file model.cif (mmCIF, C-alpha atoms and all ligand atoms)
data_final
#
loop_
_atom_site.label_atom_id
_atom_site.label_comp_id
_atom_site.auth_asym_id
_atom_site.auth_seq_id
_atom_site.Cartn_x
_atom_site.Cartn_y
_atom_site.Cartn_z
CA MET P 1 103.99 38.53 67.87
CA ALA P 2 100.44 38.44 69.16
CA ARG P 3 97.74 38.64 66.51
CA ARG P 4 95.99 41.96 66.52
CA THR P 5 92.30 42.20 67.03
CA LYS P 6 90.39 43.35 63.98
CA VAL P 7 87.66 45.78 64.98
CA TYR P 8 86.17 46.53 61.57
CA GLU P 9 86.86 45.87 57.90
CA GLY P 10 85.54 48.19 55.21
CA LYS P 11 86.02 48.29 51.46
CA ALA P 12 89.35 50.16 51.49
CA LYS P 13 90.56 50.00 55.11
CA ILE P 14 90.80 47.77 58.15
CA LEU P 15 90.68 48.98 61.76
CA TYR P 16 92.61 47.11 64.45
CA GLU P 17 92.66 47.66 68.21
CA GLY P 18 95.24 50.29 69.08
CA PRO P 19 98.04 50.13 71.66
CA GLU P 20 96.12 52.23 74.19
CA PRO P 21 92.44 52.56 75.06
CA GLY P 22 90.77 55.11 72.83
CA THR P 23 93.12 54.44 69.91
CA LEU P 24 92.86 52.33 66.76
CA ILE P 25 95.21 51.37 63.97
CA GLN P 26 93.89 52.19 60.50
CA TYR P 27 95.31 49.97 57.72
CA PHE P 28 94.98 51.10 54.09
CA LYS P 29 94.28 48.26 51.63
CA ASP P 30 94.97 48.32 47.90
CA ASP P 31 91.35 47.45 47.14
CA ALA P 32 89.38 49.87 45.01
CA THR P 33 85.61 49.77 44.68
CA ALA P 34 83.10 51.97 42.93
CA PHE P 35 79.35 52.14 42.38
CA ASN P 36 78.65 50.59 45.77
CA ALA P 37 81.26 47.87 45.19
CA GLU P 38 79.74 46.68 41.88
CA LYS P 39 83.13 47.44 40.33
CA ARG P 40 86.20 46.29 42.22
CA ASP P 41 89.90 45.73 41.69
CA VAL P 42 93.21 45.66 43.53
CA ILE P 43 95.40 48.63 42.63
CA GLU P 44 99.05 48.06 43.58
CA GLY P 45 100.32 50.87 45.76
CA LYS P 46 97.02 52.68 46.34
CA GLY P 47 96.97 51.96 50.08
CA VAL P 48 100.49 53.29 50.56
CA LEU P 49 99.67 56.50 48.71
CA ASN P 50 96.38 57.07 50.53
CA ASN P 51 98.02 56.46 53.93
CA ARG P 52 100.60 59.16 53.09
CA LEU P 53 98.15 61.59 51.56
CA SER P 54 95.62 61.26 54.37
CA GLU P 55 98.44 61.81 56.88
CA TYR P 56 99.46 64.94 54.99
CA PHE P 57 95.95 66.45 54.90
CA MET P 58 94.97 65.46 58.45
CA THR P 59 98.24 66.80 59.88
CA GLY P 60 97.71 70.09 58.06
CA LEU P 61 94.17 70.31 59.42
CA ASN P 62 95.32 69.54 62.98
CA ASN P 63 97.95 72.28 62.61
CA ILE P 64 95.35 74.94 61.75
CA GLY P 65 93.02 73.88 64.57
CA VAL P 66 90.59 71.72 62.63
CA PRO P 67 90.38 68.62 64.84
CA THR P 68 90.84 65.20 63.23
CA HIS P 69 91.15 61.62 64.43
CA PHE P 70 94.74 61.40 63.15
CA ILE P 71 97.55 60.87 65.70
CA ARG P 72 100.55 59.65 63.67
CA ARG P 73 101.58 57.44 60.80
CA LEU P 74 103.06 54.14 61.95
CA ASN P 75 104.39 52.64 58.71
CA MET P 76 103.76 52.45 54.97
CA ARG P 77 100.17 51.29 55.33
CA GLU P 78 99.10 52.08 58.87
CA GLN P 79 98.31 55.08 61.00
CA LEU P 80 97.38 55.52 64.65
CA ILE P 81 94.03 57.27 65.10
CA ARG P 82 91.67 58.23 67.91
CA ALA P 83 88.73 55.87 68.25
CA VAL P 84 85.58 57.84 67.43
CA GLU P 85 81.90 57.13 67.09
CA ILE P 86 81.25 57.68 63.40
CA ILE P 87 78.18 59.76 62.58
CA PRO P 88 76.43 57.74 59.85
CA LEU P 89 76.67 60.48 57.22
CA GLU P 90 78.89 61.07 54.22
CA VAL P 91 79.38 64.82 54.14
CA VAL P 92 80.08 66.02 50.60
CA VAL P 93 81.25 69.53 49.70
CA ARG P 94 81.06 70.58 46.06
CA ASN P 95 82.73 73.55 44.38
CA ILE P 96 82.23 72.49 40.76
CA ALA P 97 79.44 70.29 39.41
CA ALA P 98 80.46 66.68 38.71
CA GLY P 99 79.27 63.15 39.40
CA SER P 100 75.91 62.67 41.05
CA ILE P 101 74.89 66.35 41.27
CA SER P 102 75.40 66.70 37.51
CA LYS P 103 73.20 63.67 36.87
CA ARG P 104 70.55 64.53 39.45
CA LEU P 105 70.13 68.20 38.56
CA GLY P 106 71.24 68.17 34.93
CA ILE P 107 74.21 70.49 35.46
CA GLU P 108 77.04 69.99 32.99
CA GLU P 109 80.21 68.57 34.59
CA GLY P 110 82.75 71.34 35.12
CA THR P 111 80.20 74.10 35.81
CA PRO P 112 81.38 76.16 38.79
CA LEU P 113 78.71 76.26 41.52
CA PRO P 114 77.53 79.65 42.84
CA ARG P 115 78.94 78.77 46.26
CA PRO P 116 80.22 75.63 47.97
CA ILE P 117 77.31 73.24 48.45
CA VAL P 118 77.27 70.86 51.43
CA GLU P 119 75.26 67.66 51.05
CA PHE P 120 74.56 64.76 53.38
CA TYR P 121 74.29 61.13 52.36
CA TYR P 122 73.12 58.41 54.74
CA LYS P 123 76.03 55.98 55.17
CA ASN P 124 74.35 52.69 54.33
CA ASP P 125 75.80 50.43 51.64
CA ALA P 126 72.66 48.30 51.39
CA LEU P 127 70.74 51.44 50.37
CA GLY P 128 73.54 52.84 48.18
CA ASP P 129 74.23 55.85 50.46
CA PRO P 130 71.09 57.88 49.62
CA LEU P 131 71.04 61.69 49.68
CA VAL P 132 69.21 62.90 52.80
CA SER P 133 68.08 66.27 54.11
CA GLU P 134 68.55 67.85 57.54
CA GLU P 135 64.94 66.88 58.25
CA HIS P 136 65.77 63.18 57.88
CA ILE P 137 68.93 63.52 59.96
CA LEU P 138 67.13 65.29 62.81
CA ALA P 139 63.99 63.13 62.70
CA PHE P 140 65.94 59.87 62.77
CA GLY P 141 68.39 61.14 65.39
CA TRP P 142 71.57 60.60 63.35
CA ALA P 143 72.80 64.03 64.49
CA THR P 144 71.45 67.01 66.41
CA HIS P 145 70.97 70.56 65.21
CA GLN P 146 74.15 71.59 67.02
CA ASP P 147 76.04 68.66 65.44
CA LEU P 148 74.87 69.74 61.99
CA ASP P 149 76.02 73.31 62.54
CA ASP P 150 79.40 72.00 63.68
CA ILE P 151 79.62 69.52 60.78
CA VAL P 152 78.93 72.21 58.17
CA ALA P 153 81.51 74.51 59.79
CA LEU P 154 84.09 71.68 59.82
CA ALA P 155 83.32 70.74 56.22
CA LEU P 156 83.70 74.32 54.99
CA ARG P 157 86.99 74.77 56.85
CA VAL P 158 88.27 71.55 55.28
CA ASN P 159 87.12 72.89 51.90
CA ASP P 160 89.03 76.16 52.32
CA PHE P 161 92.14 74.35 53.50
CA LEU P 162 92.13 71.68 50.78
CA SER P 163 91.21 74.12 48.00
CA GLY P 164 94.13 76.36 48.95
CA ILE P 165 96.63 73.52 49.05
CA MET P 166 95.42 72.08 45.77
CA THR P 167 95.39 75.40 43.93
CA GLY P 168 99.00 75.84 45.04
CA VAL P 169 99.99 72.70 43.12
CA GLY P 170 97.89 73.35 40.03
CA ILE P 171 94.90 71.20 40.97
CA LYS P 172 91.21 72.15 41.21
CA LEU P 173 89.32 70.72 44.18
CA VAL P 174 86.02 69.85 42.48
CA ASP P 175 84.40 68.08 45.44
CA PHE P 176 85.21 65.80 48.36
CA LYS P 177 83.64 63.67 51.05
CA ILE P 178 84.47 63.59 54.74
CA GLU P 179 83.18 61.57 57.63
CA VAL P 180 82.81 63.03 61.09
CA GLY P 181 83.27 61.26 64.42
CA ARG P 182 82.36 61.99 68.02
CA ILE P 183 84.93 61.88 70.79
CA TYR P 184 83.62 61.89 74.35
CA GLU P 185 85.68 63.78 76.90
CA GLY P 186 83.98 63.53 80.29
CA ASP P 187 80.59 65.17 79.97
CA PHE P 188 81.55 66.83 76.71
CA GLN P 189 81.72 65.61 73.15
CA ARG P 190 83.78 66.96 70.28
CA LEU P 191 83.32 66.39 66.58
CA VAL P 192 86.42 65.57 64.55
CA VAL P 193 87.21 64.81 60.92
CA ALA P 194 87.58 61.02 60.67
CA ASP P 195 88.05 58.22 58.13
CA GLU P 196 90.42 59.45 55.40
CA ILE P 197 91.04 62.34 53.05
CA SER P 198 92.61 61.04 49.85
CA PRO P 199 92.05 60.98 46.08
CA ASP P 200 89.61 58.11 46.80
CA SER P 201 87.23 60.60 48.37
CA CYS P 202 87.92 63.79 46.34
CA ARG P 203 87.58 64.91 42.75
CA LEU P 204 90.84 66.54 41.66
CA TRP P 205 91.36 68.03 38.19
CA ASP P 206 94.59 69.40 36.81
CA ILE P 207 94.01 73.13 36.34
CA LYS P 208 95.79 73.34 32.98
CA THR P 209 94.80 70.12 31.25
CA GLY P 210 91.68 69.01 33.12
CA ARG P 211 93.30 65.58 33.66
CA LYS P 212 91.54 63.67 36.42
CA LEU P 213 93.78 62.77 39.37
CA ASP P 214 91.24 60.94 41.55
CA LYS P 215 89.13 57.79 41.78
CA ASP P 216 87.17 58.72 38.65
CA VAL P 217 90.23 57.33 36.80
CA PHE P 218 89.13 53.94 38.15
CA ARG P 219 85.36 54.52 38.04
CA ARG P 220 85.50 55.62 34.39
CA ASP P 221 88.47 53.48 33.19
CA LEU P 222 90.66 56.47 32.35
CA GLY P 223 94.07 54.89 32.95
CA ASN P 224 96.42 54.02 35.78
CA LEU P 225 94.98 54.97 39.18
CA SER P 226 98.21 54.61 41.20
CA GLU P 227 100.00 56.86 38.72
CA ALA P 228 97.34 59.56 39.14
CA TYR P 229 97.56 59.39 42.96
CA ALA P 230 101.37 59.37 42.80
CA GLU P 231 101.19 62.56 40.72
CA VAL P 232 99.16 64.25 43.48
CA ALA P 233 101.64 63.02 46.11
CA ARG P 234 104.61 64.17 44.04
CA ARG P 235 103.18 67.66 43.53
CA LEU P 236 102.50 68.00 47.25
CA GLY P 237 106.05 66.87 48.04
CA VAL P 238 104.66 63.94 49.98
CA MET P 239 106.64 61.40 47.98
CA PRO P 240 109.77 61.91 45.91
CA SER P 241 109.04 61.96 42.18
CA ASN P 242 110.94 58.74 41.47
CA ALA P 243 109.57 56.71 44.39
CA THR P 244 107.71 53.55 43.51
CA PRO P 245 105.29 52.75 46.28
CA ILE P 246 106.50 49.64 48.07
CA THR P 247 103.81 47.03 48.27
CA LYS P 248 103.54 43.63 49.80
CA PRO P 249 103.21 40.65 47.46
CA LYS P 250 99.58 40.09 46.65
CA LEU P 251 98.03 37.19 48.56
CA MET P 252 95.42 35.26 46.68
CA ASN P 253 92.49 33.83 48.57
P1 LIG P 301 79.21 61.85 43.93
O1 LIG P 301 79.31 62.86 42.85
O2 LIG P 301 79.27 60.44 43.46
O3 LIG P 301 78.02 62.09 44.84
O4 LIG P 301 80.51 62.04 44.86
C1 LIG P 301 80.85 63.26 45.44
C2 LIG P 301 82.20 63.17 46.10
O5 LIG P 301 82.15 62.30 47.21
C3 LIG P 301 83.30 62.60 45.20
O6 LIG P 301 84.50 63.31 45.45
C4 LIG P 301 83.49 61.19 45.64
C5 LIG P 301 83.06 61.22 47.06
N1 LIG P 301 82.41 59.97 47.46
C6 LIG P 301 83.04 59.12 48.32
O7 LIG P 301 84.14 59.37 48.77
N2 LIG P 301 82.42 57.96 48.68
C7 LIG P 301 81.21 57.61 48.21
O8 LIG P 301 80.69 56.55 48.58
C8 LIG P 301 80.57 58.51 47.29
C9 LIG P 301 79.23 58.17 46.69
C10 LIG P 301 81.20 59.67 46.95
N1 LIG P 302 83.21 54.09 47.51
C1 LIG P 302 81.94 53.69 46.97
C2 LIG P 302 81.95 52.22 46.55
O1 LIG P 302 82.74 51.45 46.95
C3 LIG P 302 81.40 54.55 45.90
C4 LIG P 302 82.37 55.30 45.01
O2 LIG P 302 83.37 55.82 45.48
O3 LIG P 302 82.09 55.44 43.80
O4 LIG P 302 81.18 51.76 45.82
#
call {"tool": "encode", "arguments": {"input": "model.cif", "output": "structure tokens", "more": "lines below"}}
Ligand code: TMP
Ligand code: ASP
result
Amino acid sequence: MARRTKVYEGKAKILYEGPEPGTLIQYFKDDATAFNAEKRDVIEGKGVLNNRLSEYFMTGLNNIGVPTHFIRRLNMREQLIRAVEIIPLEVVVRNIAAGSISKRLGIEEGTPLPRPIVEFYYKNDALGDPLVSEEHILAFGWATHQDLDDIVALALRVNDFLSGIMTGVGIKLVDFKIEVGRIYEGDFQRLVVADEISPDSCRLWDIKTGRKLDKDVFRRDLGNLSEAYAEVARRLGVMPSNATPITKPKLMN
């Protein structure tokens, strides 16, 4: 079989050329990083779970008319996606204070916020993804006013959708991050939800016990990360309760 062309490799995923123009294959690795990759590990089964979970959320969004880059899952670790031009922003929506907002503004973790708060971070690893304002985004041309309106609307629709789903399975959606991409169609452009939606990019707390079911388990050394993600998948009916994620043997390099 011909070797596929790698288009991009990030910390948790690899993008390969897709079978048709305008498509890409997104491969989910088992690598976990935190604190701008200062902490890293390989977590058996994480890629399989995130591929499934991102498929589940993106399909649900597509079904309610929130456009995403997702086309279909191809196998355990890969999905076919539309090629998009990624807007260099991490768009974070927060419902409950946790993580950086708690530190920055001195709000105790777990405090419900008066309303969902949308924040923008400039996607730049070398700078540690700094928080930026609309002024920076407009002045530096990362997005237009219209884009920002559309991005906030998308982010809030994703928030409503994900919050509803999570509440239904006894989980609080504390916060999450999305990335947004542009698709050009003739003279027009559309903005779509891109990258991934998974417990890597959300904070998810069990409603009854407060148990963390997201990447904070890894960031804060709270236990087995794959088990936490598998619990989310099991509750959503994405994976049967007794399924062990099938993983490839680890290759050392
Ligand atoms: P924060 O509290 O560290 O700013 O993170 C807010 C949310 O965004 C949290 O759910 C984790 C997610 N996030 C990412 O997915 N990638 C990142 O690089 C960062 C900093 C946060
Ligand atoms: N994903 C980022 C990193 O690799 C930050 C984080 O999720 O904590 O460092």
call {"tool": "residues_around", "arguments": {"input": "model.cif", "residues": "region 176-187 of chain P", "least_positions_apart": "3", "cutoff": "8 Å", "atoms": "only C-alpha atoms", "output": "VMD selection string"}}
result
chain P and resid 69 83 to 87 89 to 94 151 155 173 190 to 197 201 to 203
call {"tool": "closest_atom_pairs", "arguments": {"input": "model.cif", "of": "chain P", "to": "ligand LIG 302 (chain P)", "cutoff": "9 Å", "atoms": "all atoms listed in the file", "output": "JSON lines"}}
result
{"residue": "P:Lys11", "atom": "CA", "partner": "P:LIG302", "partner_atom": "O1", "distance": 6.4}
{"residue": "P:Ala12", "atom": "CA", "partner": "P:LIG302", "partner_atom": "O1", "distance": 8.1}
{"residue": "P:Ala32", "atom": "CA", "partner": "P:LIG302", "partner_atom": "O1", "distance": 7.1}
{"residue": "P:Thr33", "atom": "CA", "partner": "P:LIG302", "partner_atom": "O1", "distance": 4.0}
{"residue": "P:Ala34", "atom": "CA", "partner": "P:LIG302", "partner_atom": "O4", "distance": 3.5}
{"residue": "P:Phe35", "atom": "CA", "partner": "P:LIG302", "partner_atom": "O4", "distance": 3.9}
{"residue": "P:Asn36", "atom": "CA", "partner": "P:LIG302", "partner_atom": "O4", "distance": 2.8}
{"residue": "P:Ala37", "atom": "CA", "partner": "P:LIG302", "partner_atom": "O4", "distance": 3.9}
{"residue": "P:Glu38", "atom": "CA", "partner": "P:LIG302", "partner_atom": "O4", "distance": 6.6}
{"residue": "P:Lys39", "atom": "CA", "partner": "P:LIG302", "partner_atom": "O4", "distance": 7.3}
{"residue": "P:Arg40", "atom": "CA", "partner": "P:LIG302", "partner_atom": "O1", "distance": 7.8}
{"residue": "P:Asp125", "atom": "CA", "partner": "P:LIG302", "partner_atom": "O4", "distance": 8.0}
{"residue": "P:Gly128", "atom": "CA", "partner": "P:LIG302", "partner_atom": "O4", "distance": 8.1}
{"residue": "P:Asp129", "atom": "CA", "partner": "P:LIG302", "partner_atom": "C3", "distance": 8.6}
{"residue": "P:Asp200", "atom": "CA", "partner": "P:LIG302", "partner_atom": "O2", "distance": 6.8}
{"residue": "P:Ser201", "atom": "CA", "partner": "P:LIG302", "partner_atom": "O2", "distance": 6.8}
{"residue": "P:Lys215", "atom": "CA", "partner": "P:LIG302", "partner_atom": "O2", "distance": 7.1}
{"residue": "P:Asp216", "atom": "CA", "partner": "P:LIG302", "partner_atom": "O3", "distance": 7.9}
{"residue": "P:Arg219", "atom": "CA", "partner": "P:LIG302", "partner_atom": "O3", "distance": 6.7}
call {"tool": "residues_around", "arguments": {"input": "model.cif", "residues": "region 46-50 of chain P", "least_positions_apart": "3", "cutoff": "7 Å", "atoms": "all atoms listed in the file", "output": "number ranges by chain"}}
result
P: 28-30, 43, 53-54, 76-77, 198, 226, 229-230, 245
call {"tool": "atom_distance", "arguments": {"input": "model.cif", "atom1": "CA of Ala97 (chain P)", "atom2": "CA of Gly110 (chain P)"}}
result
5.5 Å
call {"tool": "atom_distance", "arguments": {"input": "model.cif", "atom1": "atom O1 of ligand LIG 301 (chain P)", "atom2": "CA of Lys103 (chain P)"}}
result
8.6 Å
call {"tool": "axis_aligned_box", "arguments": {"input": "model.cif", "around": "ligand LIG 301 (chain P)", "padding_each_side": "3 Å", "output": "lines of an AutoDock Vina configuration file"}}
result
center_x = 81.3
center_y = 59.9
center_z = 45.8
size_x = 12.5
size_y = 12.8
size_z = 11.9
call {"tool": "residues_around", "arguments": {"input": "model.cif", "residues": "Arg235 (chain P)", "least_positions_apart": "3", "cutoff": "7 Å", "atoms": "all atoms listed in the file", "output": "VMD selection string"}}
result
chain P and resid 169 231 to 232
call {"tool": "residues_around", "arguments": {"input": "model.cif", "residues": "region 207-210 of chain P", "least_positions_apart": "5", "cutoff": "12 Å", "atoms": "all atoms listed in the file", "output": "list in words"}}
result
Glu109, Gly110, Met166, Thr167, Gly168, Val169, Gly170, Ile171, Lys172, Leu173 and Val174 of chain P
call {"tool": "closest_residue", "arguments": {"input": "model.cif", "among": "P:Asn224, P:Thr68, P:Asn95, P:Gln26", "to": "ligand LIG 301 (chain P)", "atoms": "all atoms listed in the file"}}
result
P:Asn95
call {"tool": "atom_distance", "arguments": {"input": "model.cif", "atom1": "atom N2 of ligand LIG 301 (chain P)", "atom2": "CA of Tyr122 (chain P)"}}
result
11.1 Å
call {"tool": "closest_residue", "arguments": {"input": "model.cif", "among": "P:Thr5, P:Thr23, P:Gln79, P:Asn124", "to": "ligand LIG 301 (chain P)", "atoms": "only C-alpha atoms and all ligand atoms"}}
result
P:Asn124
